[in-house]
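Enquirer: Got a structure for you, protein-v3.cif, holding mmCIF, C-alpha atoms.
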```
data_entry
loop_
_atom_site.label_atom_id
_atom_site.label_comp_id
_atom_site.auth_asym_id
_atom_site.auth_seq_id
_atom_site.Cartn_x
_atom_site.Cartn_y
_atom_site.Cartn_z
CA MET A 10 35.93 -108.32 -56.71
CA GLN A 11 39.49 -107.32 -57.61
CA ASN A 12 42.51 -109.42 -56.78
CA LEU A 13 45.89 -108.36 -55.54
CA ASP A 14 48.66 -108.19 -58.11
CA LEU A 15 51.02 -109.51 -55.50
CA GLU A 16 52.20 -113.10 -55.29
CA PRO A 17 53.15 -114.89 -52.07
CA LEU A 18 56.90 -115.11 -51.56
CA VAL A 19 58.39 -118.35 -50.36
CA TYR A 20 62.08 -118.62 -49.56
CA THR A 21 63.93 -121.01 -47.31
CA GLY A 22 63.09 -119.86 -43.83
CA PHE A 23 61.06 -116.80 -44.83
CA GLN A 24 57.56 -116.48 -46.25
CA LEU A 25 55.20 -113.61 -47.06
CA THR A 26 51.55 -114.27 -47.87
CA PRO A 27 49.41 -111.31 -48.97
CA GLN A 28 45.65 -111.23 -49.24
CA LEU A 29 42.94 -108.68 -49.91
CA ALA A 30 39.67 -108.97 -48.02
CA ASN A 31 37.07 -106.54 -46.68
CA GLY A 32 38.90 -103.51 -48.00
CA GLN A 33 42.10 -104.42 -46.23
CA ILE A 34 45.40 -105.92 -47.29
CA THR A 35 46.87 -108.42 -44.84
CA VAL A 36 50.38 -109.80 -45.21
CA THR A 37 51.24 -112.82 -43.10
CA PHE A 38 54.93 -113.26 -42.28
CA SER A 39 56.66 -116.40 -41.11
CA GLY A 40 60.22 -117.51 -40.48
CA ASN A 41 63.27 -115.29 -40.09
CA GLY A 42 63.79 -111.86 -41.61
CA ASP A 43 67.57 -111.79 -41.84
CA MET A 44 70.15 -110.36 -44.26
CA SER A 45 69.08 -112.70 -47.04
CA ALA A 46 65.50 -111.36 -46.92
CA VAL A 47 66.27 -107.63 -47.04
CA GLU A 48 66.10 -106.88 -50.78
CA THR A 49 63.08 -109.07 -51.31
CA LEU A 50 61.22 -107.42 -48.45
CA GLY A 51 62.03 -103.89 -49.66
CA ARG A 52 60.69 -104.66 -53.15
CA PHE A 53 57.65 -106.38 -51.71
CA LEU A 54 56.72 -103.42 -49.49
CA LYS A 55 56.90 -101.05 -52.47
CA ARG A 56 54.45 -103.26 -54.27
CA VAL A 57 52.20 -103.42 -51.20
CA HIS A 58 52.09 -99.61 -51.26
CA SER A 59 51.13 -99.59 -54.96
CA GLU A 60 48.44 -102.20 -54.40
CA ALA A 61 47.10 -100.34 -51.37
CA ALA A 62 46.76 -97.18 -53.48
CA LYS A 63 45.21 -99.10 -56.38
CA HIS A 64 42.59 -100.76 -54.19
CA LYS A 65 42.13 -97.67 -52.00
CA VAL A 66 42.38 -99.72 -48.82
CA LEU A 67 42.02 -98.04 -45.46
CA GLU A 68 44.42 -100.36 -43.71
CA VAL A 69 47.35 -102.66 -44.36
CA ALA A 70 47.90 -105.28 -41.65
CA PHE A 71 51.05 -107.29 -41.06
CA ASP A 72 50.60 -110.50 -39.17
CA PHE A 73 53.92 -111.14 -37.41
CA ARG A 74 52.72 -113.90 -35.12
CA ASP A 75 54.90 -116.49 -36.84
CA LEU A 76 57.82 -114.17 -37.59
CA TYR A 77 60.58 -115.47 -35.38
CA PHE A 78 63.00 -112.57 -35.86
CA MET A 79 63.65 -109.49 -37.98
CA ASN A 80 67.10 -107.92 -38.29
CA SER A 81 67.83 -104.20 -38.48
CA SER A 82 68.03 -104.18 -42.29
CA CYS A 83 64.55 -105.71 -42.63
CA PHE A 84 63.39 -103.34 -39.90
CA LYS A 85 64.80 -100.48 -41.98
CA ALA A 86 62.70 -101.63 -44.96
CA PHE A 87 59.64 -100.99 -42.79
CA VAL A 88 61.04 -97.65 -41.62
CA THR A 89 61.39 -96.52 -45.25
CA TRP A 90 57.93 -97.72 -46.17
CA ILE A 91 56.25 -96.16 -43.11
CA ASP A 92 58.01 -92.90 -43.89
CA VAL A 93 56.51 -92.97 -47.40
CA VAL A 94 53.02 -93.83 -46.11
CA SER A 95 53.06 -91.20 -43.36
CA ARG A 96 54.10 -88.46 -45.81
CA ALA A 97 51.50 -89.43 -48.43
CA GLU A 98 48.79 -86.87 -49.15
CA GLY A 99 45.61 -87.50 -47.22
CA GLY A 100 47.34 -89.90 -44.85
CA ALA A 101 46.98 -92.79 -47.34
CA TYR A 102 46.05 -95.70 -45.03
CA HIS A 103 46.74 -97.06 -41.58
CA ILE A 104 49.26 -99.77 -40.78
CA ARG A 105 48.52 -102.40 -38.17
CA PHE A 106 50.95 -104.97 -36.81
CA LEU A 107 49.61 -108.13 -35.22
CA THR A 108 52.18 -109.51 -32.80
CA ASN A 109 52.93 -112.60 -30.78
CA PRO A 110 53.53 -111.68 -27.11
CA ARG A 111 55.76 -114.72 -26.70
CA LEU A 112 58.21 -113.27 -29.23
CA HIS A 113 59.41 -110.46 -27.00
CA TRP A 114 61.48 -108.59 -29.60
CA GLN A 115 58.26 -107.77 -31.48
CA ARG A 116 56.86 -105.54 -28.76
CA ARG A 117 60.09 -103.54 -28.58
CA SER A 118 60.74 -103.24 -32.32
CA LEU A 119 57.18 -102.40 -33.22
CA GLU A 120 56.87 -99.86 -30.43
CA ALA A 121 59.82 -98.10 -32.09
CA LEU A 122 57.99 -98.14 -35.44
CA ARG A 123 54.88 -96.78 -33.72
CA CYS A 124 56.96 -93.92 -32.27
CA LEU A 125 58.17 -93.16 -35.80
CA ALA A 126 54.60 -92.54 -37.04
CA PRO A 127 52.13 -92.67 -34.13
CA ASN A 128 49.22 -91.43 -36.26
CA VAL A 129 49.71 -94.17 -38.84
CA VAL A 130 50.97 -97.26 -37.02
CA ARG A 131 49.04 -99.42 -34.56
CA VAL A 132 50.38 -102.47 -32.75
CA GLU A 133 48.16 -105.26 -31.43
CA ALA A 134 49.27 -108.25 -29.39
CA LEU A 135 47.33 -111.44 -30.13
CA VAL A 136 47.73 -114.72 -28.30
CA LEU A 137 48.09 -117.67 -30.69
CA MET B 20 80.39 -119.06 -23.53
CA LEU B 21 83.09 -118.18 -26.04
CA LEU B 22 82.81 -118.68 -29.80
CA THR B 23 85.45 -117.87 -32.39
CA PHE B 24 84.16 -118.29 -35.91
CA ARG B 25 83.57 -116.85 -39.37
CA PRO B 26 79.94 -115.75 -39.24
CA ASN B 27 77.67 -115.98 -42.25
CA VAL B 28 73.96 -115.24 -42.57
CA GLU B 29 72.80 -118.73 -41.56
CA LEU B 30 75.32 -119.04 -38.74
CA ILE B 31 74.25 -115.70 -37.26
CA SER B 32 70.62 -116.77 -37.07
CA SER B 33 71.45 -120.17 -35.63
CA THR B 34 73.80 -118.61 -33.05
CA ARG B 35 71.03 -116.21 -32.01
CA ARG B 36 68.55 -119.08 -31.62
CA TYR B 37 71.06 -121.22 -29.71
CA VAL B 38 71.95 -118.45 -27.24
CA ASN B 39 68.28 -117.50 -26.83
CA GLU B 40 67.39 -121.08 -25.88
CA LEU B 41 70.41 -121.40 -23.62
CA LEU B 42 69.58 -118.18 -21.75
CA ASP B 43 65.92 -119.14 -21.53
CA SER B 44 67.07 -122.06 -19.39
CA VAL B 45 69.39 -119.89 -17.27
CA LEU B 46 67.45 -116.65 -16.79
CA THR B 47 64.04 -116.32 -15.17
CA ASN B 48 62.87 -113.59 -17.54
CA PRO B 49 62.35 -114.66 -21.18
CA ASP B 50 62.28 -111.00 -22.25
CA ALA B 51 65.87 -110.67 -21.03
CA ALA B 52 66.95 -113.68 -23.08
CA SER B 53 65.24 -112.11 -26.10
CA ARG B 54 67.07 -108.79 -25.58
CA VAL B 55 70.41 -110.58 -25.44
CA ALA B 56 69.55 -112.64 -28.54
CA LEU B 57 68.72 -109.47 -30.50
CA THR B 58 72.02 -107.96 -29.35
CA ILE B 59 73.98 -111.00 -30.50
CA HIS B 60 72.31 -111.02 -33.90
CA GLU B 61 73.00 -107.33 -34.53
CA LEU B 62 76.58 -107.51 -33.22
CA LEU B 63 77.38 -110.50 -35.42
CA GLU B 64 75.88 -108.83 -38.48
CA ASN B 65 78.05 -105.83 -37.62
CA THR B 66 81.13 -108.04 -37.59
CA LEU B 67 80.11 -109.39 -40.98
CA LYS B 68 79.95 -105.84 -42.35
CA TYR B 69 82.95 -104.42 -40.52
CA SER B 70 85.40 -107.32 -40.33
CA MET B 71 88.62 -107.19 -42.36
CA ASP B 72 89.13 -110.95 -42.35
CA GLY B 73 85.61 -112.31 -41.75
CA GLU B 74 86.51 -113.64 -38.31
CA ALA B 75 84.60 -112.81 -35.17
CA ARG B 76 84.88 -113.70 -31.53
CA LEU B 77 81.74 -113.73 -29.41
CA ASP B 78 81.81 -114.00 -25.65
CA VAL B 79 78.61 -114.20 -23.57
CA THR B 80 78.75 -114.27 -19.78
CA VAL B 81 76.13 -114.21 -17.05
CA GLN B 82 77.45 -112.71 -13.82
CA ARG B 83 75.56 -113.16 -10.57
CA ALA B 84 76.30 -111.19 -7.41
CA ASP B 85 74.27 -110.19 -4.36
CA GLY B 86 71.03 -111.57 -5.74
CA SER B 87 71.23 -109.73 -9.06
CA ALA B 88 72.45 -110.84 -12.46
CA ARG B 89 74.03 -109.12 -15.42
CA VAL B 90 74.62 -110.40 -18.94
CA GLU B 91 77.64 -109.21 -20.88
CA VAL B 92 78.08 -109.79 -24.60
CA ARG B 93 81.44 -109.01 -26.18
CA ALA B 94 82.07 -109.17 -29.92
CA SER B 95 85.53 -108.66 -31.39
CA ASN B 96 86.81 -108.39 -34.93
CA ARG B 97 89.51 -106.70 -36.97
CA ALA B 98 88.51 -103.59 -38.92
CA THR B 99 90.04 -100.92 -41.13
CA PRO B 100 90.88 -97.48 -39.63
CA SER B 101 87.85 -95.87 -41.29
CA GLN B 102 85.56 -98.64 -40.04
CA LEU B 103 86.98 -98.27 -36.53
CA ALA B 104 86.42 -94.51 -36.63
CA GLU B 105 82.84 -94.97 -37.79
CA LEU B 106 82.06 -97.51 -35.07
CA GLN B 107 83.72 -95.32 -32.45
CA GLN B 108 81.62 -92.32 -33.49
CA ARG B 109 78.38 -94.30 -33.50
CA ILE B 110 78.96 -95.88 -30.10
CA ASP B 111 80.07 -92.59 -28.51
CA ALA B 112 76.86 -90.94 -29.75
CA LEU B 113 74.76 -93.73 -28.25
CA ARG B 114 76.60 -93.66 -24.93
CA GLU B 115 76.24 -89.92 -24.46
CA VAL B 116 72.60 -89.48 -25.45
CA ALA B 117 70.11 -88.49 -22.75
CA ASP B 118 67.03 -89.62 -24.70
CA PRO B 119 67.84 -92.90 -26.48
CA MET B 120 64.35 -93.33 -27.95
CA GLY B 121 64.41 -89.75 -29.29
CA LEU B 122 67.73 -90.48 -30.96
CA TYR B 123 66.36 -93.78 -32.29
CA VAL B 124 63.40 -92.02 -33.93
CA SER B 125 65.64 -89.37 -35.49
CA MET B 126 68.00 -92.08 -36.76
CA MET B 127 65.03 -93.93 -38.26
CA VAL B 128 63.93 -90.77 -40.07
CA ASP B 129 67.48 -90.27 -41.43
CA SER B 130 67.75 -93.93 -42.34
CA ALA B 131 64.47 -93.86 -44.30
CA ARG B 132 65.93 -91.41 -46.80
CA ARG B 133 69.30 -93.01 -47.47
CA ASP B 134 70.82 -96.38 -48.35
CA GLY B 135 71.97 -98.78 -45.68
CA SER B 136 70.41 -99.36 -42.30
CA GLY B 137 72.81 -98.03 -39.68
CA LEU B 138 70.23 -99.01 -37.06
CA GLY B 139 71.87 -102.11 -35.57
CA LEU B 140 73.71 -100.42 -32.70
CA VAL B 141 70.86 -98.10 -31.74
CA ARG B 142 68.56 -101.08 -31.77
CA ILE B 143 70.91 -102.80 -29.31
CA ARG B 144 70.95 -99.68 -27.14
CA VAL B 145 67.19 -99.06 -27.12
CA GLU B 146 65.47 -102.37 -27.77
CA GLY B 147 68.15 -104.46 -26.11
CA GLU B 148 68.42 -101.93 -23.26
CA MET B 149 72.16 -102.44 -23.32
CA ASP B 150 74.96 -100.29 -21.96
CA LEU B 151 77.58 -99.97 -24.67
CA ALA B 152 81.36 -99.77 -24.45
CA TYR B 153 84.25 -100.50 -26.76
CA ALA B 154 87.98 -101.04 -26.71
CA ILE B 155 90.35 -100.68 -29.64
CA ASP B 156 93.69 -102.45 -29.73
CA GLY B 157 95.51 -101.91 -33.01
CA ASP B 158 93.05 -102.98 -35.71
CA GLN B 159 90.97 -105.00 -33.26
CA ILE B 160 87.71 -103.63 -31.87
CA THR B 161 85.77 -105.20 -29.03
CA ILE B 162 82.24 -103.98 -28.48
CA THR B 163 80.81 -104.77 -25.07
CA CYS B 164 77.06 -104.72 -24.41
CA SER B 165 75.82 -105.34 -20.90
CA THR B 166 72.52 -105.24 -19.08
CA PRO B 167 70.97 -106.19 -15.75
CA VAL B 168 68.63 -109.12 -16.30
CA GLU B 169 66.80 -109.80 -13.04
#
```
With the file now loaded, output its structure as structure tokens.
Expert:
Amino acid sequence: MQNLDLEPLVYTGFQLTPQLANGQITVTFSGNGDMSAVETLGRFLKRVHSEAAKHKVLEVAFDFRDLYFMNSSCFKAFVTWIDVVSRAEGGAYHIRFLTNPRLHWQRRSLEALRCLAPNVVRVEALVL
Amino acid sequence: MLLTFRPNVELISSTRRYVNELLDSVLTNPDAASRVALTIHELLENTLKYSMDGEARLDVTVQRADGSARVEVRASNRATPSQLAELQQRIDALREVADPMGLYVSMMVDSARRDGSGLGLVRIRVEGEMDLAYAIDGDQITITCSTPVE
């Protein structure tokens, strides 16, 4: 079994934990995605894309259930990445967001991302 | 509630959390409190980017009349003429659009292929479901975002 060449990121107030299992990459987010997280997140998503191609995964899932907030610059990092994935030859892979219905901003923000690439992005609400 | 301060990254997040909790105790709909919190966060980050002197003034009011309620968020800061013109253009475009989500998607597509986000105000308009207005007095701009909440 191959491992991901992608380390967890731990900053004050913001954490990303990637894992590869059953042909899928899952990245668990926690904390606050604010201005201080933008560059890190952009770089991380590029690496997720490389790893997804390397491992030929069918889906990348983002678990946002513990992500308290994401600002527009972090949101834009996802916009850029989804744009790359949706334009990739063969459709690359699907993107699934797991959300916390109690964090109301998630439904609105992720619905916007789904509208950006409805054939690529799925949004699922999960109760904790 | 009126705050005059010099926002920084940490202060913006803590202000958003504080107002969210405060409004959760005042409003019956937690989704409304969340929309206002998102608006405050994006407005304050805007002031950080577009303020000449780093100072911002944030005013949040809940108005009740005839069984309905409306939240108004006003953020003021000083800005350069080119920053004022840019803000004016962005807000006018958002106020005049007939299909806000359509504009949001096209702005996301544009944003994906260039540097910078430029999505804060459209996020306020669409995700925050806010009506936008602004007033300019000299080098001072006040952006007003308001929404019915119940």
Enquirer: For a quick test of understanding: name the residues of chain B lying within 12 Å of chain A when counting all atoms listed in the file, and present them as number ranges by chain.
Expert: B: 27-33, 35-36, 39, 48-65, 67-68, 119-148
Enquirer: Report as a ChimeraX atom specification the full result of the PyMOL selection byres ((chain B and resi 157) around 12) when it is applied to this structure.
Expert: /B:96-100,103,154-156,158-161
Enquirer: Store the residues picked out above in a file with C-alpha atoms, as a compact mmCIF listing (two decimals), in the frame of the given file.
Expert:
```txt
# COMPACT_ATOMS: atom_id res chain seq x y z
CA ASN B 96 86.81 -108.39 -34.93
CA ARG B 97 89.51 -106.70 -36.97
CA ALA B 98 88.51 -103.59 -38.92
CA THR B 99 90.04 -100.92 -41.13
CA PRO B 100 90.88 -97.48 -39.63
CA LEU B 103 86.98 -98.27 -36.53
CA ALA B 154 87.98 -101.04 -26.71
CA ILE B 155 90.35 -100.68 -29.64
CA ASP B 156 93.69 -102.45 -29.73
CA ASP B 158 93.05 -102.98 -35.71
CA GLN B 159 90.97 -105.00 -33.26
CA ILE B 160 87.71 -103.63 -31.87
CA THR B 161 85.77 -105.20 -29.03
```
Enquirer: Under the PyMOL selection byres ((chain B and resi 20) around 7), which residues of this model are included? Write them out as a PyMOL selection string.
Expert: chain B and resi 21-22+78-80
Enquirer: Please write the residues from the selection above to a file, keeping C-alpha atoms, as a PDB file, keeping the file's coordinate frame.
Expert:
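File again.pdb, as written:
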```
ATOM      1  CA  LEU B  21      83.090-118.180 -26.040  1.00  0.00           C
ATOM      2  CA  LEU B  22      82.810-118.680 -29.800  1.00  0.00           C
ATOM      3  CA  ASP B  78      81.810-114.000 -25.650  1.00  0.00           C
ATOM      4  CA  VAL B  79      78.610-114.200 -23.570  1.00  0.00           C
ATOM      5  CA  THR B  80      78.750-114.270 -19.780  1.00  0.00           C
TER       6      THR B  80
END
```
Enquirer: Just the residues within 10 Å of Ser39 of chain A, please, counting all atoms listed in the file, with nothing from its chain fewer than 6 positions along; format it as a PyMOL selection string.
Expert: chain A and resi 19+22-26+72-78
Enquirer: What separation in Å, quoted to one decimal, exists between atom CA of Thr37 of chain A and atom CA of Val38 of chain B?
Expert: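 Computed distance, atom CA of Thr37 of chain A to atom CA of Val38 of chain B, equals 26.7 Å.
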Enquirer: Name the residues that the PyMOL selection byres ((chain B and resi 81) around 10) pulls out of this structure, and write them as a ChimeraX atom specification.
Expert: /B:20,42,45-46,79-80,82-83,88-92,165-168
Enquirer: Rounded to one decimal in Å, what is the spacing between atom CA of Leu67 of chain A and atom CA of Gln33 of chain A?
Expert: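 Computing it gives 6.4 Å between the two atoms.
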Enquirer: Please give the centre and size of the box around segment 82-95 of chain B (axis-aligned, containing every atom listed in the file, 6 Å added per side), with values in Å to one decimal and written as JSON.
Expert:
```
{"center_x": 78.3, "center_y": -110.9, "center_z": -17.9, "size_x": 26.5, "size_y": 16.5, "size_z": 39.0}
```
Enquirer: Just the number, please: distance in Å from atom CA of Pro26 of chain B to atom CA of Pro110 of chain A, one decimal.
Expert: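 Here the two named atoms are 29.3 Å from each other.
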Enquirer: Leaving out Leu29 of chain A and any residue of its chain fewer than 6 positions from it, which residues lie within 7 Å of it when counting only C-alpha atoms, given as a JSON list (two decimals) with C-alpha atoms, keeping the file's coordinate frame?
Expert:
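part_12.json, freshly written:
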```json
[["chain", "number", "residue", "atom", "x", "y", "z"],
["A", 12, "ASN", "CA", 42.51, -109.42, -56.78],
["A", 13, "LEU", "CA", 45.89, -108.36, -55.54],
["A", 35, "THR", "CA", 46.87, -108.42, -44.84]]
```
Enquirer: What lies within 7 Å of Phe24 of chain B using all atoms listed in the file, ignoring chain neighbours under 4 positions off, as a PyMOL selection string?
Expert: chain B and resi 74-76
Enquirer: Which residues are near segment 130-136 of chain A? Cut-off 6 Å, only C-alpha atoms, ignore same chain within fewer than 2 positions. Put them as a ChimeraX atom specification.
Expert: /A:104-110,123,126-127
